[in-house]
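Trainee: Quick one: structure below, then a few questions.
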Amino acid sequence: MNPLYANLGTTIFEAMSARARANGAINLGQGFPDGRGPEDVLAEAARALLGESNQYPPMAGTPALRLAVTDHYAAHQGLDLDASEVIVTSGATEALAASILALVSPGDEVVMFQPLYDAYLPLVQRAGGTARLVRLEPPEWKITAAALAKVVSPRTKLIILNTPLNPTATMATPEELALLADFCVSHDVIAICDEVWEHVVFDGREHVSLMTLPGMRDRTVKIGSAGKIFSLTGWKVGWLCAAPALSQGIAKAHQFLTFTTPPNLQAAAAYGLGKDMAYFTGMRAGFQRSRDRLATGLTGLGYKVLPSAATYFLSIDLAASGITMGDLAFCEWLVEEAGVAAIPVSAFYAQDAVTNVVRLCFAKADETIDGALERMARRP
Ligand code: PMP
Ligand code: GLN
């Protein structure tokens, strides 16, 4: 075995879902909605499965989906992309893997921000890169110029940004985006931007892609996921958008990871990206209602809830809720004794973890949320 994988655990999401199943716990751990997803998108997938070719689609994705991605980002984010700059992947996870494998050479340094989505670090290390980690602090989780100055070096090749950020449910502010753009341009650094949560934003907020900032159009790899946009997390249809100098090289990595992605799901994603604004605002409003239901309930039970601007998640601050346990011990107690699965935020740190924050998924039916609240009325 390669020692990196020999020494790696199973992802916290899989581990916690397995615990939830074994204990009959209510699963607010791994991020997936209770709902079925939009019926018309499902119907389009079924129609394409039965009515269209199920043979290999083109390696970079079907022309219809590549075009739909560019039209979608033109309409929603003011981006001017060409379909040739879009590569369809099997989920955002594959887009991340292909981008990191293609862009990182041994000895390159990669700036990442903790808490970090758990796939990033092993991928960077397997590619031979050296991680330079910036630790973000609750409750603001803010990126500062001073923190960037500490990790930059002549070997800095790449930054990996996730906004909106899983697990903190925060979004990069205009100042942070400007700071990062300035950093990338002045140090000749490429940005991989994991924007899978771009549509799941609340209270009238709007996602801004780092790619739209001055100097960033040709040095950003923007990653999206149909799983999040259509609340169908099992679909694993994603994409990356980047200028030809980047996307053509990344396509070479993609061709030997998966080569292609099921054509009927591509057809359905292409259809869905063309849906009108009402779908997107309705989807956000639904999740926002669920966020508020869980937040209000938890606050009523004496938990200190951190603000959630986006994603399917909110967090509780254990210390501020009067709980002295660390996040791992609390999540252990919660799944074993109270019957609710949650995610310890320390799992998103490679070192110097924040240990008093626990992530809960609110993308659930009212009954699920209410059931979890009833169980969380118990305290350790
Ligand atoms: N990046 C982030 C930040 C995520 O939260 C997720 C999934 N929750 C992914 C990537 C993976 O997306 P996909 O399921 O499309 O591979
Ligand atoms: N990204 C999802 C989450 O944060 C889980 C993805 C996975 O299970 N690999 O819960």
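Ordering of the structure tokens sets the chain letters (A, B, ...), residue numbers begin anew at 1 in every chain, and ligands are numbered from 1 in the order given.
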Residues within 9 Å of ligand 1 (only C-alpha atoms and all ligand atoms), as a PDB file with N, CA, C and O atoms, in the first residue's frame?
Mentor:
```
ATOM      1  N   GLN A  30     -23.694  13.412   7.971  1.00  0.00           N
ATOM      2  CA  GLN A  30     -23.395  13.567   6.538  1.00  0.00           C
ATOM      3  C   GLN A  30     -24.443  14.484   5.891  1.00  0.00           C
ATOM      4  O   GLN A  30     -25.634  14.388   6.184  1.00  0.00           O
ATOM      5  N   GLY A  31     -23.960  15.358   4.993  1.00  0.00           N
ATOM      6  CA  GLY A  31     -24.854  16.364   4.423  1.00  0.00           C
ATOM      7  C   GLY A  31     -25.638  15.862   3.222  1.00  0.00           C
ATOM      8  O   GLY A  31     -25.115  15.811   2.118  1.00  0.00           O
ATOM      9  N   PHE A  32     -26.894  15.470   3.458  1.00  0.00           N
ATOM     10  CA  PHE A  32     -27.766  15.147   2.324  1.00  0.00           C
ATOM     11  C   PHE A  32     -29.206  15.440   2.718  1.00  0.00           C
ATOM     12  O   PHE A  32     -29.577  15.251   3.871  1.00  0.00           O
ATOM     13  N   THR A  89     -17.364  16.169 -14.808  1.00  0.00           N
ATOM     14  CA  THR A  89     -16.671  15.155 -13.997  1.00  0.00           C
ATOM     15  C   THR A  89     -17.689  14.364 -13.180  1.00  0.00           C
ATOM     16  O   THR A  89     -18.849  14.766 -13.080  1.00  0.00           O
ATOM     17  N   SER A  90     -17.247  13.270 -12.604  1.00  0.00           N
ATOM     18  CA  SER A  90     -18.133  12.470 -11.755  1.00  0.00           C
ATOM     19  C   SER A  90     -18.122  13.054 -10.343  1.00  0.00           C
ATOM     20  O   SER A  90     -17.416  12.583  -9.447  1.00  0.00           O
ATOM     21  N   GLY A  91     -18.899  14.099 -10.182  1.00  0.00           N
ATOM     22  CA  GLY A  91     -18.954  14.819  -8.917  1.00  0.00           C
ATOM     23  C   GLY A  91     -17.850  15.865  -8.826  1.00  0.00           C
ATOM     24  O   GLY A  91     -16.859  15.840  -9.572  1.00  0.00           O
ATOM     25  N   ALA A  92     -18.040  16.783  -7.883  1.00  0.00           N
ATOM     26  CA  ALA A  92     -16.996  17.778  -7.611  1.00  0.00           C
ATOM     27  C   ALA A  92     -15.739  17.081  -7.100  1.00  0.00           C
ATOM     28  O   ALA A  92     -14.625  17.554  -7.307  1.00  0.00           O
ATOM     29  N   THR A  93     -15.918  15.946  -6.445  1.00  0.00           N
ATOM     30  CA  THR A  93     -14.764  15.216  -5.916  1.00  0.00           C
ATOM     31  C   THR A  93     -13.795  14.860  -7.038  1.00  0.00           C
ATOM     32  O   THR A  93     -12.578  15.017  -6.886  1.00  0.00           O
ATOM     33  N   GLU A  94     -14.331  14.395  -8.157  1.00  0.00           N
ATOM     34  CA  GLU A  94     -13.428  14.064  -9.262  1.00  0.00           C
ATOM     35  C   GLU A  94     -12.815  15.333  -9.877  1.00  0.00           C
ATOM     36  O   GLU A  94     -11.646  15.316 -10.294  1.00  0.00           O
ATOM     37  N   ALA A  95     -13.582  16.400  -9.905  1.00  0.00           N
ATOM     38  CA  ALA A  95     -13.027  17.666 -10.419  1.00  0.00           C
ATOM     39  C   ALA A  95     -11.855  18.122  -9.547  1.00  0.00           C
ATOM     40  O   ALA A  95     -10.825  18.599 -10.046  1.00  0.00           O
ATOM     41  N   LEU A  96     -12.000  17.954  -8.236  1.00  0.00           N
ATOM     42  CA  LEU A  96     -10.910  18.307  -7.316  1.00  0.00           C
ATOM     43  C   LEU A  96      -9.696  17.416  -7.570  1.00  0.00           C
ATOM     44  O   LEU A  96      -8.559  17.894  -7.681  1.00  0.00           O
ATOM     45  N   LEU A 116     -10.871  22.388   6.623  1.00  0.00           N
ATOM     46  CA  LEU A 116     -10.845  22.084   5.202  1.00  0.00           C
ATOM     47  C   LEU A 116     -11.589  20.797   4.902  1.00  0.00           C
ATOM     48  O   LEU A 116     -11.571  19.868   5.699  1.00  0.00           O
ATOM     49  N   TYR A 117     -12.257  20.805   3.749  1.00  0.00           N
ATOM     50  CA  TYR A 117     -13.011  19.628   3.311  1.00  0.00           C
ATOM     51  C   TYR A 117     -12.034  18.458   3.230  1.00  0.00           C
ATOM     52  O   TYR A 117     -10.921  18.606   2.723  1.00  0.00           O
ATOM     53  N   ASP A 118     -12.478  17.302   3.694  1.00  0.00           N
ATOM     54  CA  ASP A 118     -11.490  16.254   4.007  1.00  0.00           C
ATOM     55  C   ASP A 118     -10.771  15.652   2.800  1.00  0.00           C
ATOM     56  O   ASP A 118      -9.735  15.006   2.961  1.00  0.00           O
ATOM     57  N   ALA A 119     -11.282  15.879   1.605  1.00  0.00           N
ATOM     58  CA  ALA A 119     -10.624  15.306   0.420  1.00  0.00           C
ATOM     59  C   ALA A 119      -9.346  16.067   0.026  1.00  0.00           C
ATOM     60  O   ALA A 119      -8.453  15.489  -0.598  1.00  0.00           O
ATOM     61  N   TYR A 120      -9.263  17.349   0.385  1.00  0.00           N
ATOM     62  CA  TYR A 120      -8.185  18.182  -0.196  1.00  0.00           C
ATOM     63  C   TYR A 120      -6.783  17.690   0.176  1.00  0.00           C
ATOM     64  O   TYR A 120      -5.918  17.567  -0.676  1.00  0.00           O
ATOM     65  N   ASN A 162     -12.664  27.209  -0.558  1.00  0.00           N
ATOM     66  CA  ASN A 162     -14.020  26.675  -0.560  1.00  0.00           C
ATOM     67  C   ASN A 162     -14.948  27.774  -0.050  1.00  0.00           C
ATOM     68  O   ASN A 162     -14.865  28.178   1.095  1.00  0.00           O
ATOM     69  N   THR A 163     -15.788  28.268  -0.946  1.00  0.00           N
ATOM     70  CA  THR A 163     -16.795  29.262  -0.534  1.00  0.00           C
ATOM     71  C   THR A 163     -18.066  29.044  -1.327  1.00  0.00           C
ATOM     72  O   THR A 163     -17.987  28.839  -2.542  1.00  0.00           O
ATOM     73  N   PRO A 164     -19.246  29.024  -0.667  1.00  0.00           N
ATOM     74  CA  PRO A 164     -19.452  28.957   0.761  1.00  0.00           C
ATOM     75  C   PRO A 164     -18.684  27.783   1.371  1.00  0.00           C
ATOM     76  O   PRO A 164     -18.481  26.773   0.711  1.00  0.00           O
ATOM     77  N   LEU A 165     -18.321  27.957   2.648  1.00  0.00           N
ATOM     78  CA  LEU A 165     -17.383  27.022   3.284  1.00  0.00           C
ATOM     79  C   LEU A 165     -18.117  25.942   4.101  1.00  0.00           C
ATOM     80  O   LEU A 165     -18.894  26.253   5.007  1.00  0.00           O
ATOM     81  N   ASN A 166     -17.862  24.718   3.735  1.00  0.00           N
ATOM     82  CA  ASN A 166     -18.275  23.559   4.528  1.00  0.00           C
ATOM     83  C   ASN A 166     -17.092  23.220   5.436  1.00  0.00           C
ATOM     84  O   ASN A 166     -15.996  23.008   4.921  1.00  0.00           O
ATOM     85  N   PRO A 167     -17.207  23.211   6.738  1.00  0.00           N
ATOM     86  CA  PRO A 167     -18.403  23.088   7.564  1.00  0.00           C
ATOM     87  C   PRO A 167     -18.896  24.376   8.232  1.00  0.00           C
ATOM     88  O   PRO A 167     -19.879  24.324   8.963  1.00  0.00           O
ATOM     89  N   ASP A 194     -13.610  25.659  -4.876  1.00  0.00           N
ATOM     90  CA  ASP A 194     -14.665  24.674  -4.678  1.00  0.00           C
ATOM     91  C   ASP A 194     -15.925  25.457  -4.323  1.00  0.00           C
ATOM     92  O   ASP A 194     -16.084  25.938  -3.202  1.00  0.00           O
ATOM     93  N   GLU A 195     -16.819  25.572  -5.325  1.00  0.00           N
ATOM     94  CA  GLU A 195     -18.019  26.399  -5.155  1.00  0.00           C
ATOM     95  C   GLU A 195     -19.278  25.542  -5.172  1.00  0.00           C
ATOM     96  O   GLU A 195     -20.335  25.980  -5.624  1.00  0.00           O
ATOM     97  N   VAL A 196     -19.167  24.302  -4.674  1.00  0.00           N
ATOM     98  CA  VAL A 196     -20.318  23.389  -4.774  1.00  0.00           C
ATOM     99  C   VAL A 196     -21.557  23.944  -4.061  1.00  0.00           C
ATOM    100  O   VAL A 196     -22.679  23.611  -4.412  1.00  0.00           O
ATOM    101  N   TRP A 197     -21.357  24.822  -3.076  1.00  0.00           N
ATOM    102  CA  TRP A 197     -22.504  25.349  -2.319  1.00  0.00           C
ATOM    103  C   TRP A 197     -23.011  26.674  -2.875  1.00  0.00           C
ATOM    104  O   TRP A 197     -23.778  27.384  -2.218  1.00  0.00           O
ATOM    105  N   ILE A 223     -15.145  25.029  -9.524  1.00  0.00           N
ATOM    106  CA  ILE A 223     -15.732  23.686  -9.439  1.00  0.00           C
ATOM    107  C   ILE A 223     -17.171  23.750  -8.925  1.00  0.00           C
ATOM    108  O   ILE A 223     -17.462  24.431  -7.935  1.00  0.00           O
ATOM    109  N   GLY A 224     -18.072  23.037  -9.621  1.00  0.00           N
ATOM    110  CA  GLY A 224     -19.481  23.005  -9.213  1.00  0.00           C
ATOM    111  C   GLY A 224     -19.994  21.572  -9.132  1.00  0.00           C
ATOM    112  O   GLY A 224     -19.331  20.629  -9.577  1.00  0.00           O
ATOM    113  N   SER A 225     -21.200  21.415  -8.575  1.00  0.00           N
ATOM    114  CA  SER A 225     -21.777  20.070  -8.391  1.00  0.00           C
ATOM    115  C   SER A 225     -23.287  20.097  -8.569  1.00  0.00           C
ATOM    116  O   SER A 225     -23.992  20.832  -7.861  1.00  0.00           O
ATOM    117  N   ALA A 226     -23.789  19.260  -9.496  1.00  0.00           N
ATOM    118  CA  ALA A 226     -25.240  19.129  -9.664  1.00  0.00           C
ATOM    119  C   ALA A 226     -25.872  18.542  -8.406  1.00  0.00           C
ATOM    120  O   ALA A 226     -27.023  18.832  -8.078  1.00  0.00           O
ATOM    121  N   GLY A 227     -25.111  17.730  -7.685  1.00  0.00           N
ATOM    122  CA  GLY A 227     -25.633  17.109  -6.466  1.00  0.00           C
ATOM    123  C   GLY A 227     -26.163  18.146  -5.491  1.00  0.00           C
ATOM    124  O   GLY A 227     -27.210  17.954  -4.861  1.00  0.00           O
ATOM    125  N   LYS A 228     -25.456  19.259  -5.353  1.00  0.00           N
ATOM    126  CA  LYS A 228     -25.873  20.298  -4.415  1.00  0.00           C
ATOM    127  C   LYS A 228     -26.929  21.205  -5.047  1.00  0.00           C
ATOM    128  O   LYS A 228     -27.859  21.652  -4.381  1.00  0.00           O
ATOM    129  N   LEU A 232     -29.539  16.415  -4.989  1.00  0.00           N
ATOM    130  CA  LEU A 232     -29.453  15.000  -5.382  1.00  0.00           C
ATOM    131  C   LEU A 232     -28.009  14.550  -5.166  1.00  0.00           C
ATOM    132  O   LEU A 232     -27.263  14.326  -6.127  1.00  0.00           O
ATOM    133  N   THR A 233     -27.619  14.421  -3.907  1.00  0.00           N
ATOM    134  CA  THR A 233     -26.183  14.275  -3.624  1.00  0.00           C
ATOM    135  C   THR A 233     -25.601  12.958  -4.141  1.00  0.00           C
ATOM    136  O   THR A 233     -24.392  12.853  -4.331  1.00  0.00           O
ATOM    137  N   GLY A 234     -26.464  11.963  -4.387  1.00  0.00           N
ATOM    138  CA  GLY A 234     -25.943  10.684  -4.876  1.00  0.00           C
ATOM    139  C   GLY A 234     -25.598  10.693  -6.362  1.00  0.00           C
ATOM    140  O   GLY A 234     -25.003   9.733  -6.857  1.00  0.00           O
ATOM    141  N   TRP A 235     -25.959  11.754  -7.052  1.00  0.00           N
ATOM    142  CA  TRP A 235     -25.760  11.749  -8.502  1.00  0.00           C
ATOM    143  C   TRP A 235     -24.295  11.816  -8.912  1.00  0.00           C
ATOM    144  O   TRP A 235     -23.922  11.309  -9.945  1.00  0.00           O
ATOM    145  N   LYS A 236     -23.501  12.535  -8.169  1.00  0.00           N
ATOM    146  CA  LYS A 236     -22.088  12.659  -8.521  1.00  0.00           C
ATOM    147  C   LYS A 236     -21.900  13.108  -9.970  1.00  0.00           C
ATOM    148  O   LYS A 236     -21.238  12.451 -10.776  1.00  0.00           O
ATOM    149  N   VAL A 237     -22.534  14.222 -10.288  1.00  0.00           N
ATOM    150  CA  VAL A 237     -22.262  14.915 -11.551  1.00  0.00           C
ATOM    151  C   VAL A 237     -21.701  16.285 -11.167  1.00  0.00           C
ATOM    152  O   VAL A 237     -22.368  17.043 -10.461  1.00  0.00           O
ATOM    153  N   GLY A 238     -20.500  16.554 -11.586  1.00  0.00           N
ATOM    154  CA  GLY A 238     -19.876  17.840 -11.289  1.00  0.00           C
ATOM    155  C   GLY A 238     -19.210  18.383 -12.536  1.00  0.00           C
ATOM    156  O   GLY A 238     -19.350  17.818 -13.624  1.00  0.00           O
ATOM    157  N   TRP A 239     -18.509  19.476 -12.359  1.00  0.00           N
ATOM    158  CA  TRP A 239     -17.785  20.058 -13.495  1.00  0.00           C
ATOM    159  C   TRP A 239     -16.723  21.013 -12.978  1.00  0.00           C
ATOM    160  O   TRP A 239     -16.761  21.439 -11.820  1.00  0.00           O
ATOM    161  N   THR A 311     -24.973  26.630   2.734  1.00  0.00           N
ATOM    162  CA  THR A 311     -24.773  25.170   2.887  1.00  0.00           C
ATOM    163  C   THR A 311     -25.987  24.509   3.552  1.00  0.00           C
ATOM    164  O   THR A 311     -27.009  25.165   3.787  1.00  0.00           O
TER     165      THR A 311
END
```
Trainee: For Thr11 of chain A, please output as a list in words all residues within 10 Å (counting only C-alpha atoms; exclusion window: fewer than 3 positions along the same chain).
Mentor: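 Counting only C-alpha atoms, the residues come to Leu8, Glu14, Ala15, Met16, Asp118, Ala119 and Ala347 of chain A.
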Trainee: Measuring between only C-alpha atoms and all ligand atoms, which one of A:Val104, A:Leu265, A:Ala341, A:Cys241 shows the shortest distance to ligand 2?
Mentor: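 With only C-alpha atoms and all ligand atoms as the atom set, the closest residue is A:Ala341.
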Trainee: Using only C-alpha atoms, which protein or nucleic acid residues come within 8 Å of segment 294-299 of chain A? Drop anything in the same chain fewer than 2 positions from it, and give the result as a CSV table (one decimal) with C-alpha atoms, in the first residue's frame.
Mentor:
```
chain,number,residue,atom,x,y,z
A,290,SER,CA,-35.3,24.3,7.9
A,291,ARG,CA,-32.2,26.1,9.1
A,292,ASP,CA,-34.4,28.4,11.2
A,301,LEU,CA,-32.7,24.1,24.4
A,302,GLY,CA,-29.7,26.3,25.5
A,303,TYR,CA,-27.3,25.5,22.7
A,304,LYS,CA,-25.2,28.4,21.3
A,305,VAL,CA,-25.9,28.3,17.5
A,314,LEU,CA,-25.2,25.0,11.1
A,362,PHE,CA,-30.7,20.9,8.7
A,369,ILE,CA,-35.6,18.1,12.8
A,370,ASP,CA,-38.2,17.9,15.6
A,373,LEU,CA,-34.4,18.3,18.9
```
Trainee: Do you know which residues are at most 9 Å from Leu4 of chain A counting only C-alpha atoms, after dropping those on the same chain fewer than 4 positions away, and could you put them as number ranges by chain?
Mentor: A: 8, 122, 125-126
Trainee: Output N, CA, C and O atoms for every residue in that selection, as a JSON list (two decimals), in the first residue's frame.
Mentor:
```
[["chain", "number", "residue", "atom", "x", "y", "z"],
["A", 8, "LEU", "N", -4.57, 6.28, 6.37],
["A", 8, "LEU", "CA", -5.71, 7.19, 6.34],
["A", 8, "LEU", "C", -6.96, 6.49, 6.88],
["A", 8, "LEU", "O", -7.19, 5.32, 6.57],
["A", 122, "PRO", "N", -5.34, 14.82, 1.45],
["A", 122, "PRO", "CA", -4.76, 13.59, 0.87],
["A", 122, "PRO", "C", -4.49, 13.73, -0.63],
["A", 122, "PRO", "O", -3.49, 13.18, -1.12],
["A", 125, "GLN", "N", -1.30, 15.75, -1.01],
["A", 125, "GLN", "CA", -0.13, 14.98, -0.58],
["A", 125, "GLN", "C", 0.19, 13.88, -1.59],
["A", 125, "GLN", "O", 1.34, 13.63, -1.92],
["A", 126, "ARG", "N", -0.84, 13.21, -2.12],
["A", 126, "ARG", "CA", -0.61, 12.12, -3.08],
["A", 126, "ARG", "C", 0.01, 12.67, -4.36],
["A", 126, "ARG", "O", 0.77, 11.97, -5.04]]
```
Trainee: If I take atom CA of Phe230 of chain A and atom CA of Thr212 of chain A, how far is one from the other in Å, to one decimal?
Mentor: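 Rounded to one decimal, the two atoms are 23.7 Å apart.
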Trainee: Which residues in segment 96-344 of chain A does DSSP call alpha helix (DSSP H)? List them as number ranges by chain.
Mentor: A: 96-103, 120-126, 145-151, 174-187, 226-229, 244-254, 263-273, 277-300, 327-333
Trainee: For the selection you just gave me, I'd like the residues written to a file as an mmCIF file, in the first residue's frame, keeping C-alpha atoms.
Mentor:
```cif
data_model
loop_
_atom_site.group_PDB
_atom_site.id
_atom_site.type_symbol
_atom_site.label_atom_id
_atom_site.label_comp_id
_atom_site.auth_asym_id
_atom_site.auth_seq_id
_atom_site.Cartn_x
_atom_site.Cartn_y
_atom_site.Cartn_z
ATOM 1 C CA LEU A 96 -10.910 18.307 -7.316
ATOM 2 C CA ALA A 97 -8.853 15.169 -7.872
ATOM 3 C CA ALA A 98 -8.238 15.869 -11.560
ATOM 4 C CA SER A 99 -7.334 19.519 -10.901
ATOM 5 C CA ILE A 100 -4.954 18.738 -8.057
ATOM 6 C CA LEU A 101 -3.283 15.839 -9.867
ATOM 7 C CA ALA A 102 -2.829 17.916 -13.000
ATOM 8 C CA LEU A 103 -1.646 21.136 -11.347
ATOM 9 C CA TYR A 120 -8.185 18.182 -0.196
ATOM 10 C CA LEU A 121 -5.223 17.245 1.933
ATOM 11 C CA PRO A 122 -4.757 13.592 0.866
ATOM 12 C CA LEU A 123 -5.120 14.595 -2.772
ATOM 13 C CA VAL A 124 -2.478 17.299 -2.465
ATOM 14 C CA GLN A 125 -0.126 14.978 -0.583
ATOM 15 C CA ARG A 126 -0.614 12.121 -3.079
ATOM 16 C CA ALA A 145 -3.409 39.166 4.848
ATOM 17 C CA ALA A 146 -1.180 38.399 7.841
ATOM 18 C CA ALA A 147 -2.095 34.700 7.730
ATOM 19 C CA LEU A 148 -1.416 34.529 3.996
ATOM 20 C CA ALA A 149 1.923 36.281 4.411
ATOM 21 C CA LYS A 150 3.008 33.545 6.844
ATOM 22 C CA VAL A 151 2.453 30.678 4.395
ATOM 23 C CA PRO A 174 -15.810 40.878 -0.772
ATOM 24 C CA GLU A 175 -12.703 41.920 1.201
ATOM 25 C CA GLU A 176 -11.489 38.333 1.498
ATOM 26 C CA LEU A 177 -12.081 37.686 -2.214
ATOM 27 C CA ALA A 178 -10.158 40.865 -3.103
ATOM 28 C CA LEU A 179 -7.340 39.839 -0.778
ATOM 29 C CA LEU A 180 -7.125 36.367 -2.333
ATOM 30 C CA ALA A 181 -7.247 37.724 -5.891
ATOM 31 C CA ASP A 182 -4.484 40.170 -5.076
ATOM 32 C CA PHE A 183 -2.465 37.363 -3.466
ATOM 33 C CA CYS A 184 -2.860 35.075 -6.516
ATOM 34 C CA VAL A 185 -1.993 37.767 -9.023
ATOM 35 C CA SER A 186 0.979 39.179 -7.149
ATOM 36 C CA HIS A 187 2.502 35.740 -6.417
ATOM 37 C CA ALA A 226 -25.240 19.129 -9.664
ATOM 38 C CA GLY A 227 -25.633 17.109 -6.466
ATOM 39 C CA LYS A 228 -25.873 20.298 -4.415
ATOM 40 C CA ILE A 229 -27.719 22.434 -6.976
ATOM 41 C CA PRO A 244 -7.900 26.471 -21.893
ATOM 42 C CA ALA A 245 -4.323 26.634 -20.587
ATOM 43 C CA LEU A 246 -5.569 25.023 -17.367
ATOM 44 C CA SER A 247 -8.583 22.970 -18.477
ATOM 45 C CA GLN A 248 -6.774 21.177 -21.286
ATOM 46 C CA GLY A 249 -4.161 19.830 -18.887
ATOM 47 C CA ILE A 250 -6.754 18.933 -16.258
ATOM 48 C CA ALA A 251 -8.687 16.997 -18.929
ATOM 49 C CA LYS A 252 -5.655 14.700 -19.253
ATOM 50 C CA ALA A 253 -5.994 13.771 -15.576
ATOM 51 C CA HIS A 254 -9.782 13.393 -15.873
ATOM 52 C CA PRO A 263 -25.115 10.415 -20.038
ATOM 53 C CA ASN A 264 -28.664 10.425 -18.668
ATOM 54 C CA LEU A 265 -27.539 12.278 -15.542
ATOM 55 C CA GLN A 266 -25.693 14.775 -17.717
ATOM 56 C CA ALA A 267 -28.895 15.313 -19.729
ATOM 57 C CA ALA A 268 -30.872 15.900 -16.545
ATOM 58 C CA ALA A 269 -28.262 18.287 -15.116
ATOM 59 C CA ALA A 270 -28.276 20.236 -18.404
ATOM 60 C CA TYR A 271 -32.062 20.458 -18.234
ATOM 61 C CA GLY A 272 -31.991 21.495 -14.572
ATOM 62 C CA LEU A 273 -29.408 24.257 -15.000
ATOM 63 C CA MET A 277 -35.116 31.634 -10.934
ATOM 64 C CA ALA A 278 -38.213 30.432 -9.064
ATOM 65 C CA TYR A 279 -36.648 26.993 -8.621
ATOM 66 C CA PHE A 280 -33.491 28.409 -7.069
ATOM 67 C CA THR A 281 -35.263 30.855 -4.788
ATOM 68 C CA GLY A 282 -37.745 28.146 -3.761
ATOM 69 C CA MET A 283 -34.966 25.686 -2.973
ATOM 70 C CA ARG A 284 -33.155 28.276 -0.847
ATOM 71 C CA ALA A 285 -36.331 29.311 0.955
ATOM 72 C CA GLY A 286 -37.061 25.683 1.840
ATOM 73 C CA PHE A 287 -33.614 25.076 3.315
ATOM 74 C CA GLN A 288 -33.679 28.459 5.054
ATOM 75 C CA ARG A 289 -36.934 27.485 6.790
ATOM 76 C CA SER A 290 -35.315 24.251 7.938
ATOM 77 C CA ARG A 291 -32.220 26.108 9.112
ATOM 78 C CA ASP A 292 -34.393 28.423 11.190
ATOM 79 C CA ARG A 293 -36.411 25.529 12.611
ATOM 80 C CA LEU A 294 -33.295 23.742 13.823
ATOM 81 C CA ALA A 295 -31.569 26.947 15.012
ATOM 82 C CA THR A 296 -34.619 28.138 16.958
ATOM 83 C CA GLY A 297 -35.124 24.723 18.513
ATOM 84 C CA LEU A 298 -31.487 24.392 19.549
ATOM 85 C CA THR A 299 -31.384 27.923 20.954
ATOM 86 C CA GLY A 300 -34.498 27.099 22.982
ATOM 87 C CA ASP A 327 -16.431 17.832 19.949
ATOM 88 C CA LEU A 328 -15.357 14.209 19.420
ATOM 89 C CA ALA A 329 -16.545 13.083 22.832
ATOM 90 C CA PHE A 330 -19.788 15.019 22.446
ATOM 91 C CA CYS A 331 -20.520 13.491 19.006
ATOM 92 C CA GLU A 332 -19.740 10.059 20.459
ATOM 93 C CA TRP A 333 -22.169 10.657 23.329
#
```
Trainee: Using only C-alpha atoms, which residues sit within 9 Å of segment 107-115 of chain A once same-chain residues fewer than 6 positions away are excluded, as a ChimeraX atom specification?
Mentor: /A:121,124,128-137,141,143,148,151-162,165-168,345-351,353-354
Trainee: Based on the selection just made, write C-alpha atoms of those residues as a PDB file, in the first residue's frame.
Mentor:
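Ended up saving to part-v9.pdb:
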```pdb
ATOM      1  CA  LEU A 121      -5.223  17.245   1.933  1.00  0.00           C
ATOM      2  CA  VAL A 124      -2.478  17.299  -2.465  1.00  0.00           C
ATOM      3  CA  GLY A 128       3.540  15.261  -4.056  1.00  0.00           C
ATOM      4  CA  GLY A 129       2.549  18.732  -2.913  1.00  0.00           C
ATOM      5  CA  THR A 130       3.312  20.278   0.460  1.00  0.00           C
ATOM      6  CA  ALA A 131       0.337  21.688   2.328  1.00  0.00           C
ATOM      7  CA  ARG A 132       0.665  25.167   3.842  1.00  0.00           C
ATOM      8  CA  LEU A 133      -2.305  25.393   6.161  1.00  0.00           C
ATOM      9  CA  VAL A 134      -3.952  28.578   7.370  1.00  0.00           C
ATOM     10  CA  ARG A 135      -6.056  28.061  10.494  1.00  0.00           C
ATOM     11  CA  LEU A 136      -9.344  29.978  10.558  1.00  0.00           C
ATOM     12  CA  GLU A 137     -10.843  30.820  13.938  1.00  0.00           C
ATOM     13  CA  TRP A 141     -13.415  32.116  10.280  1.00  0.00           C
ATOM     14  CA  ILE A 143      -8.929  34.977   6.023  1.00  0.00           C
ATOM     15  CA  LEU A 148      -1.416  34.529   3.996  1.00  0.00           C
ATOM     16  CA  VAL A 151       2.453  30.678   4.395  1.00  0.00           C
ATOM     17  CA  VAL A 152       3.509  32.139   1.054  1.00  0.00           C
ATOM     18  CA  SER A 153       6.846  31.126  -0.461  1.00  0.00           C
ATOM     19  CA  PRO A 154       8.487  31.113  -3.888  1.00  0.00           C
ATOM     20  CA  ARG A 155       7.171  27.538  -4.221  1.00  0.00           C
ATOM     21  CA  THR A 156       3.503  28.462  -3.713  1.00  0.00           C
ATOM     22  CA  LYS A 157       1.702  27.066  -6.734  1.00  0.00           C
ATOM     23  CA  LEU A 158      -1.920  26.918  -5.741  1.00  0.00           C
ATOM     24  CA  ILE A 159      -4.519  27.984  -3.244  1.00  0.00           C
ATOM     25  CA  ILE A 160      -7.641  25.923  -2.628  1.00  0.00           C
ATOM     26  CA  LEU A 161     -10.622  28.004  -1.571  1.00  0.00           C
ATOM     27  CA  ASN A 162     -14.020  26.675  -0.560  1.00  0.00           C
ATOM     28  CA  LEU A 165     -17.383  27.022   3.284  1.00  0.00           C
ATOM     29  CA  ASN A 166     -18.275  23.559   4.528  1.00  0.00           C
ATOM     30  CA  PRO A 167     -18.403  23.088   7.564  1.00  0.00           C
ATOM     31  CA  THR A 168     -18.594  26.684   8.874  1.00  0.00           C
ATOM     32  CA  VAL A 345     -15.580  20.085  13.236  1.00  0.00           C
ATOM     33  CA  SER A 346     -12.116  18.994  14.418  1.00  0.00           C
ATOM     34  CA  ALA A 347     -12.362  16.342  11.653  1.00  0.00           C
ATOM     35  CA  PHE A 348     -11.795  19.203   9.194  1.00  0.00           C
ATOM     36  CA  TYR A 349      -8.373  20.046  10.648  1.00  0.00           C
ATOM     37  CA  ALA A 350      -5.057  18.316  10.006  1.00  0.00           C
ATOM     38  CA  GLN A 351      -3.454  19.951  13.038  1.00  0.00           C
ATOM     39  CA  ALA A 353      -7.945  21.633  15.547  1.00  0.00           C
ATOM     40  CA  VAL A 354     -10.768  23.758  16.887  1.00  0.00           C
TER      41      VAL A 354
END
```
